[in-house]
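*Asks:* File run_26.cif below, mmCIF, C-alpha atoms:
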data_start
#
loop_
_atom_site.label_atom_id
_atom_site.label_comp_id
_atom_site.auth_asym_id
_atom_site.auth_seq_id
_atom_site.Cartn_x
_atom_site.Cartn_y
_atom_site.Cartn_z
CA MET A 932 37.62 115.28 22.40
CA ILE A 933 40.65 113.02 22.74
CA ASP A 934 40.21 109.25 23.13
CA TYR A 935 40.83 107.89 26.62
CA ILE A 936 40.42 104.71 28.64
CA LEU A 937 38.06 105.10 31.59
CA ILE A 938 38.74 103.03 34.70
CA ARG A 939 36.26 103.21 37.56
CA SER A 940 37.19 102.05 41.04
CA LYS A 941 36.76 102.74 44.74
CA ARG A 942 38.65 106.01 44.82
CA LYS A 943 37.75 109.51 45.93
CA THR A 944 38.92 111.71 43.05
CA VAL A 945 39.13 111.78 39.26
CA GLY A 946 42.66 111.58 37.88
CA ILE A 947 44.40 111.45 34.50
CA THR A 948 47.58 109.60 33.57
CA VAL A 949 49.40 109.17 30.26
CA LYS A 950 51.27 105.93 29.51
CA ASP A 951 52.48 104.28 26.30
CA GLY A 952 50.79 106.94 24.18
CA LYS A 953 47.41 106.31 25.80
CA VAL A 954 45.34 108.49 28.15
CA TYR A 955 43.82 106.86 31.24
CA VAL A 956 41.09 108.49 33.30
CA ARG A 957 40.48 106.99 36.72
CA SER A 958 37.25 107.87 38.43
CA PRO A 959 35.08 106.91 41.42
CA TYR A 960 32.02 104.83 40.57
CA GLY A 961 29.53 107.60 41.25
CA VAL A 962 30.87 110.27 38.89
CA SER A 963 28.75 110.86 35.78
CA ASN A 964 30.13 110.57 32.25
CA GLU A 965 29.31 114.25 31.71
CA ARG A 966 31.44 115.27 34.69
CA ILE A 967 34.31 113.11 33.46
CA GLU A 968 34.09 114.64 29.95
CA LEU A 969 34.24 118.10 31.50
CA PHE A 970 37.26 117.12 33.61
CA VAL A 971 39.08 115.81 30.54
CA SER A 972 38.21 118.96 28.59
CA GLU A 973 39.52 121.18 31.39
CA ASN A 974 42.83 119.30 31.36
CA MET A 975 43.20 119.01 27.59
CA LYS A 976 46.19 121.36 27.43
CA TRP A 977 48.11 119.22 29.96
CA ILE A 978 47.11 115.98 28.20
CA THR A 979 48.26 117.22 24.78
CA SER A 980 51.53 118.57 26.16
CA THR A 981 52.25 115.34 28.07
CA LEU A 982 51.52 113.16 25.03
CA GLU A 983 53.94 115.23 22.93
CA THR A 984 56.63 115.10 25.63
CA ARG A 985 56.33 111.33 26.04
CA GLN A 986 56.52 110.82 22.28
CA LYS A 987 59.73 112.87 22.11
CA GLU A 988 61.16 110.86 25.01
CA ARG A 989 60.47 107.59 23.17
CA GLU A 990 62.06 108.96 20.00
CA CYS A 991 65.26 109.71 21.98
CA PHE A 992 65.50 106.01 22.89
CA SER A 993 64.20 104.59 19.62
CA GLU A 994 67.52 102.96 18.68
CA LEU A 995 67.56 101.07 21.97
CA LEU A 996 63.86 100.21 21.84
CA TYR A 997 64.23 98.76 18.33
CA TYR A 998 67.52 96.93 19.04
CA ARG A 999 69.72 99.02 16.77
CA LYS A 1000 71.89 99.93 19.78
CA PHE A 1001 72.38 98.22 23.13
CA ALA A 1002 72.89 99.73 26.59
CA PHE A 1003 74.52 98.12 29.61
CA ARG A 1004 75.04 99.77 33.00
CA GLY A 1005 74.83 103.25 31.51
CA TYR A 1006 77.06 102.67 28.48
CA LEU A 1007 76.48 101.75 24.85
CA LEU A 1008 77.92 98.38 23.89
CA ASN A 1009 79.91 97.83 20.72
CA ASP A 1010 77.92 95.37 18.61
CA VAL A 1011 79.92 92.66 16.88
CA PRO A 1012 78.43 90.22 14.32
CA THR A 1013 79.11 86.57 15.10
CA ASP A 1014 78.50 83.19 13.49
CA ALA A 1015 77.49 81.83 16.89
CA LYS A 1016 73.80 81.09 17.40
CA ARG A 1017 73.50 82.82 20.78
CA LEU A 1018 73.73 86.48 21.70
CA LYS A 1019 76.39 87.29 24.29
CA ILE A 1020 77.55 90.33 26.28
CA ASP A 1021 81.26 90.30 27.07
CA GLY A 1022 82.91 93.38 28.55
CA ASN A 1023 81.98 96.40 26.44
CA GLN A 1024 80.91 94.25 23.49
CA ILE A 1025 77.70 92.50 22.51
CA PHE A 1026 77.98 89.67 20.00
CA ILE A 1027 74.97 89.59 17.69
CA PRO A 1028 74.32 86.33 15.77
CA VAL A 1029 74.14 86.71 12.01
CA ASN A 1030 71.80 83.71 11.90
CA PRO A 1031 70.22 83.69 15.36
CA ALA A 1032 68.60 80.58 16.82
CA GLN A 1033 65.92 82.80 18.41
CA SER A 1034 64.73 86.37 18.06
CA ILE A 1035 67.18 89.08 19.14
CA LYS A 1036 64.62 90.31 21.67
CA THR A 1037 64.32 86.90 23.33
CA MET A 1038 68.07 86.36 23.54
CA LEU A 1039 68.75 89.94 24.64
CA LYS A 1040 66.24 89.71 27.47
CA ARG A 1041 67.76 86.44 28.71
CA GLU A 1042 71.29 87.88 28.59
CA TYR A 1043 70.30 91.08 30.38
CA LYS A 1044 68.48 89.15 33.11
CA LYS A 1045 71.51 86.90 33.63
CA PHE A 1046 73.66 89.92 34.46
CA ALA A 1047 70.88 91.76 36.31
CA VAL A 1048 70.22 89.05 38.89
CA LEU A 1049 73.93 88.84 39.73
CA TYR A 1050 74.70 92.55 39.82
CA LEU A 1051 71.49 93.91 41.37
CA SER A 1052 71.25 91.27 44.11
CA SER A 1053 74.90 91.81 45.04
CA ARG A 1054 74.57 95.60 44.98
CA ALA A 1055 71.42 95.46 47.09
CA GLN A 1056 73.29 93.46 49.72
CA GLU A 1057 76.15 95.98 49.71
CA LEU A 1058 73.87 99.01 50.07
CA SER A 1059 71.78 97.26 52.70
CA ALA A 1060 74.89 96.60 54.78
CA SER A 1061 76.26 100.15 54.39
CA THR A 1062 72.94 101.84 55.28
CA ASP A 1063 71.74 99.29 57.86
CA LEU A 1064 68.44 99.07 55.99
CA ARG A 1065 67.69 95.37 55.89
CA PHE A 1066 65.51 93.48 53.42
CA THR A 1067 64.38 89.89 53.87
CA ASP A 1068 64.43 88.60 50.30
CA PHE A 1069 65.22 89.68 46.75
CA LYS A 1070 63.32 89.15 43.52
CA LEU A 1071 63.96 90.24 39.94
CA THR A 1072 60.81 91.51 38.22
CA ASP A 1073 59.47 92.25 34.75
CA ALA A 1074 57.17 95.04 35.97
CA ARG A 1075 55.61 97.31 33.35
CA ALA A 1076 55.45 100.49 35.41
CA LYS A 1077 57.88 100.21 38.33
CA TRP A 1078 61.66 100.14 38.58
CA GLY A 1079 61.41 98.65 42.05
CA SER A 1080 59.27 98.04 45.12
CA CYS A 1081 59.55 96.87 48.71
CA SER A 1082 56.81 95.08 50.61
CA SER A 1083 55.86 95.39 54.26
CA ASN A 1084 57.66 92.13 55.01
CA GLY A 1085 60.91 93.39 53.44
CA LEU A 1086 60.74 91.70 50.04
CA LEU A 1087 62.85 93.83 47.68
CA ARG A 1088 61.80 93.69 44.02
CA LEU A 1089 63.94 95.25 41.28
CA ASN A 1090 63.16 95.51 37.58
CA TRP A 1091 65.81 93.69 35.56
CA ARG A 1092 65.94 96.65 33.14
CA LEU A 1093 67.90 98.58 35.76
CA ILE A 1094 70.93 96.79 34.29
CA LEU A 1095 70.63 99.14 31.31
CA LEU A 1096 71.00 102.26 33.46
CA SER A 1097 74.10 103.71 35.10
CA ASP A 1098 75.20 102.32 38.45
CA ALA A 1099 74.42 105.67 40.07
CA ILE A 1100 70.78 105.53 38.92
CA SER A 1101 70.27 101.89 39.87
CA ASP A 1102 71.82 102.69 43.27
CA TYR A 1103 69.20 105.42 43.71
CA VAL A 1104 66.38 102.95 42.99
CA ILE A 1105 67.80 100.38 45.40
CA ILE A 1106 68.28 102.97 48.16
CA HIS A 1107 64.81 104.36 47.52
CA GLU A 1108 63.30 100.91 48.00
CA LEU A 1109 65.48 100.11 51.02
CA CYS A 1110 64.18 103.25 52.70
CA HIS A 1111 60.71 101.73 52.44
CA THR A 1112 61.83 99.17 55.02
CA LYS A 1113 61.56 102.08 57.48
CA HIS A 1114 58.75 104.09 55.89
CA LEU A 1115 56.15 102.35 53.70
CA ASN A 1116 55.08 105.64 52.16
CA HIS A 1117 56.48 108.76 50.54
CA SER A 1118 56.17 110.98 53.58
CA LYS A 1119 58.51 113.79 54.57
CA GLU A 1120 60.29 111.35 56.88
CA PHE A 1121 60.82 108.95 53.99
CA TRP A 1122 62.40 111.58 51.73
CA ASN A 1123 64.51 112.89 54.61
CA LEU A 1124 65.93 109.40 55.04
CA VAL A 1125 66.64 109.11 51.31
CA GLY A 1126 68.32 112.53 51.40
CA THR A 1127 70.49 111.55 54.34
CA ILE A 1128 71.92 108.67 52.30
CA LEU A 1129 71.85 110.38 48.88
CA PRO A 1130 71.98 114.19 49.21
CA ASP A 1131 71.59 114.55 45.42
CA TYR A 1132 68.65 112.14 45.17
CA LYS A 1133 66.46 114.77 43.47
CA ASP A 1134 68.85 114.85 40.51
CA LYS A 1135 68.87 111.06 40.34
CA ARG A 1136 65.09 110.93 40.55
CA LYS A 1137 64.77 113.40 37.70
CA MET A 1138 67.19 111.41 35.55
CA LEU A 1139 65.29 108.18 36.25
CA LYS A 1140 62.08 109.75 34.95
CA GLN A 1141 63.86 110.64 31.71
CA TYR A 1142 64.72 106.96 31.24
CA GLY A 1143 61.06 105.95 31.57
CA PRO A 1144 60.71 104.66 27.97
CA LEU A 1145 63.42 102.05 28.59
CA ILE A 1146 61.04 100.14 30.86
CA ASP A 1147 59.41 98.93 27.62
CA ILE A 1148 62.52 97.21 26.24
CA CYS A 1149 61.99 93.53 25.38
CA ARG A 1150 58.22 93.53 25.81
#
Would you mind giving the structure from this file in structure tokens?

*Replies:*
Amino acid sequence: MIDYILIRSKRKTVGITVKDGKVYVRSPYGVSNERIELFVSENMKWITSTLETRQKERECFSELLYYRKFAFRGYLLNDVPTDAKRLKIDGNQIFIPVNPAQSIKTMLKREYKKFAVLYLSSRAQELSASTDLRFTDFKLTDARAKWGSCSSNGLLRLNWRLILLSDAISDYVIIHELCHTKHLNHSKEFWNLVGTILPDYKDKRKMLKQYGPLIDICR
């Protein structure tokens, strides 16, 4: 039997998710351990397949995850060694200190966030105006599992790591979240609204899932 993390809560069904190479089983309080073991056993083929798929996905992005290459708005930056103490992104280049004052991860995260808050907030305003889907406030996040969210009071949250992805994909995330200002769910009406604005949203959604491992950059 495969190792898994069991999380009990006030829910109605037993479910399995795979994240960061770990298996999570979520169950209602009243379900016995024997029933959970049986459920895991019945879904072992899916669990094994999903673990292998996720591992392959991470391997595809290993050079980005281990800071051997650097992405910015869907492109790879040309890395240039520098005697300066600070890391800097300028155009299509990223200047990497030979003797850095801080870790590359720390400086890279700060540089990415500097560009992300400017670009994503501006782009959110543009898309809000063009779609007439209004949000009340904007916040950059460091979420571990979400690229974005929108609260019932219109607070738009976007993961700063969107700055790594292409403009087309980050636009999809922004539009997706803006549509939640009309529908705080994923109902048929919600997806119809997304499709009205982005007819090819299914392709964008599929691509976003492929970039899932990048949400772990600079952890």

*Asks:* What is the distance, in Å and to one decimal place, between CA of Leu937 (chain A) and CA of Glu973 (chain A)?

*Replies:*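 Result for CA of Leu937 (chain A) versus CA of Glu973 (chain A): 16.1 Å, one decimal.
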
*Asks:* For the atom pair CA of Thr1127 (chain A) and CA of Tyr1006 (chain A), what is the interatomic distance in Å to one decimal place?

*Replies:*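 So the answer is 28.1 Å.
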
*Asks:* Running the PyMOL selection byres ((chain A and resi 942-945) around 9) on this model by hand, what would come out? Give it as a JSON list (two decimals) with C-alpha atoms, in the frame of the given file.

*Replies:*
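File part17.json, as written:
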[["chain", "number", "residue", "atom", "x", "y", "z"],
["A", 939, "ARG", "CA", 36.26, 103.21, 37.56],
["A", 940, "SER", "CA", 37.19, 102.05, 41.04],
["A", 941, "LYS", "CA", 36.76, 102.74, 44.74],
["A", 946, "GLY", "CA", 42.66, 111.58, 37.88],
["A", 947, "ILE", "CA", 44.40, 111.45, 34.50],
["A", 956, "VAL", "CA", 41.09, 108.49, 33.30],
["A", 957, "ARG", "CA", 40.48, 106.99, 36.72],
["A", 958, "SER", "CA", 37.25, 107.87, 38.43],
["A", 959, "PRO", "CA", 35.08, 106.91, 41.42],
["A", 960, "TYR", "CA", 32.02, 104.83, 40.57],
["A", 962, "VAL", "CA", 30.87, 110.27, 38.89],
["A", 967, "ILE", "CA", 34.31, 113.11, 33.46],
["A", 970, "PHE", "CA", 37.26, 117.12, 33.61]]

*Asks:* Identify the residues around (37.0, 112.1, 21.6) within a radius of 12 Å, measuring from only C-alpha atoms in the coordinates stated by the file, and give them as a list in words.

*Replies:*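 So the residues meeting the distance criterion are Met932, Ile933, Asp934, Tyr935, Ile936, Val954, Glu968, Leu969, Val971, Ser972 and Met975 of chain A.
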
*Asks:* Within 12 Å of Ser1082 (chain A), counting all atoms listed in the file, which residues qualify if same-chain residues fewer than 5 places away don't, as a list in words?

*Replies:*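 Counting all atoms listed in the file, the residues come to Phe1066, Thr1067, Asp1068, Phe1069, Lys1070, Leu1087, Arg1088, Leu1089, Glu1108, Leu1109, Cys1110, His1111, Thr1112, Lys1113, His1114, Leu1115 and Asn1116 of chain A.
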
*Asks:* Would you pick out the contacts of Met1138 (chain A) at 12 Å or less, using all atoms listed in the file, so that residues sharing its chain but fewer than 5 positions from it are not included, and give the list as a VMD selection string?

*Replies:* chain A and resid 1005 1096 to 1097 1099 to 1101 1103 to 1104 1131 to 1133 1143

*Asks:* Quick one: pull the distance between CA of Leu1145 (chain A) and CA of Arg1054 (chain A), Å, one decimal.

*Replies:*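 A separation of 20.8 Å between them.
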
*Asks:* Which residues match the PyMOL selection byres ((chain A and resi 995) around 12) in the file above, as a list in words?

*Replies:*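 Selected by the PyMOL selection byres ((chain A and resi 995) around 12) here: Arg989, Glu990, Cys991, Phe992, Ser993, Glu994, Leu996, Tyr997, Tyr998, Arg999, Lys1000, Phe1001, Ala1002, Phe1003, Tyr1006, Leu1007, Leu1008, Lys1036, Leu1039, Leu1095, Tyr1142, Pro1144, Leu1145, Ile1146, Asp1147, Ile1148 and Cys1149 of chain A.
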
*Asks:* With C-alpha atoms kept, could you save the residues just selected as a PDB file, in the coordinates of the input?

*Replies:*
ATOM      1  CA  ARG A 989      60.470 107.590  23.170  1.00  0.00           C
ATOM      2  CA  GLU A 990      62.060 108.960  20.000  1.00  0.00           C
ATOM      3  CA  CYS A 991      65.260 109.710  21.980  1.00  0.00           C
ATOM      4  CA  PHE A 992      65.500 106.010  22.890  1.00  0.00           C
ATOM      5  CA  SER A 993      64.200 104.590  19.620  1.00  0.00           C
ATOM      6  CA  GLU A 994      67.520 102.960  18.680  1.00  0.00           C
ATOM      7  CA  LEU A 996      63.860 100.210  21.840  1.00  0.00           C
ATOM      8  CA  TYR A 997      64.230  98.760  18.330  1.00  0.00           C
ATOM      9  CA  TYR A 998      67.520  96.930  19.040  1.00  0.00           C
ATOM     10  CA  ARG A 999      69.720  99.020  16.770  1.00  0.00           C
ATOM     11  CA  LYS A1000      71.890  99.930  19.780  1.00  0.00           C
ATOM     12  CA  PHE A1001      72.380  98.220  23.130  1.00  0.00           C
ATOM     13  CA  ALA A1002      72.890  99.730  26.590  1.00  0.00           C
ATOM     14  CA  PHE A1003      74.520  98.120  29.610  1.00  0.00           C
ATOM     15  CA  TYR A1006      77.060 102.670  28.480  1.00  0.00           C
ATOM     16  CA  LEU A1007      76.480 101.750  24.850  1.00  0.00           C
ATOM     17  CA  LEU A1008      77.920  98.380  23.890  1.00  0.00           C
ATOM     18  CA  LYS A1036      64.620  90.310  21.670  1.00  0.00           C
ATOM     19  CA  LEU A1039      68.750  89.940  24.640  1.00  0.00           C
ATOM     20  CA  LEU A1095      70.630  99.140  31.310  1.00  0.00           C
ATOM     21  CA  TYR A1142      64.720 106.960  31.240  1.00  0.00           C
ATOM     22  CA  PRO A1144      60.710 104.660  27.970  1.00  0.00           C
ATOM     23  CA  LEU A1145      63.420 102.050  28.590  1.00  0.00           C
ATOM     24  CA  ILE A1146      61.040 100.140  30.860  1.00  0.00           C
ATOM     25  CA  ASP A1147      59.410  98.930  27.620  1.00  0.00           C
ATOM     26  CA  ILE A1148      62.520  97.210  26.240  1.00  0.00           C
ATOM     27  CA  CYS A1149      61.990  93.530  25.380  1.00  0.00           C
TER      28      CYS A1149
END

*Asks:* Using the chain letters and residue numbers of this document, give as number ranges by chain the residues selected by the PyMOL selection byres ((chain A and resi 1050) around 12).

*Replies:* A: 1003-1004, 1043-1049, 1051-1057, 1071, 1089, 1091-1095, 1098, 1101-1102, 1105

*Asks:* Of the residues A:Ile1025, A:Leu1139, A:Glu983, A:Arg1041, which is the one nearest to Gly1079 (chain A), using all atoms listed in the file?

*Replies:*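 Looking only at the distances to Gly1079 (chain A), the closest residue turns out to be A:Leu1139.
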
*Asks:* Which one of A:Asn1084, A:Val1125, A:His1117, A:Ile1106 sits closest to Ala1060 (chain A) if you count all atoms listed in the file?

*Replies:* A:Ile1106

*Asks:* Which of these residues is nearest to Gly1022 (chain A), using all atoms listed in the file: A:Arg1075, A:Asn974, A:Gln986, A:Asn1009?

*Replies:*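 The shortest atom-to-atom distance to Gly1022 (chain A) comes from A:Asn1009.
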
*Asks:* Of the residues A:Ser963, A:Ser1059, A:Asn1023, A:Thr948, which is the one nearest to Trp977 (chain A), using all atoms listed in the file?

*Replies:* A:Thr948

*Asks:* Using all atoms listed in the file, which of A:Gln1141, A:Thr1062, A:Ser980, A:Thr1072 sits nearest Leu1129 (chain A)?

*Replies:*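 With all atoms listed in the file as the atom set, the closest residue is A:Thr1062.
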
*Asks:* Could you tell me which of A:Lys950, A:Asp1021, A:Cys1081, A:Arg1065 comes closest to Leu982 (chain A) if we count all atoms listed in the file?

*Replies:*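 Smallest distance to Leu982 (chain A) is found for A:Lys950.
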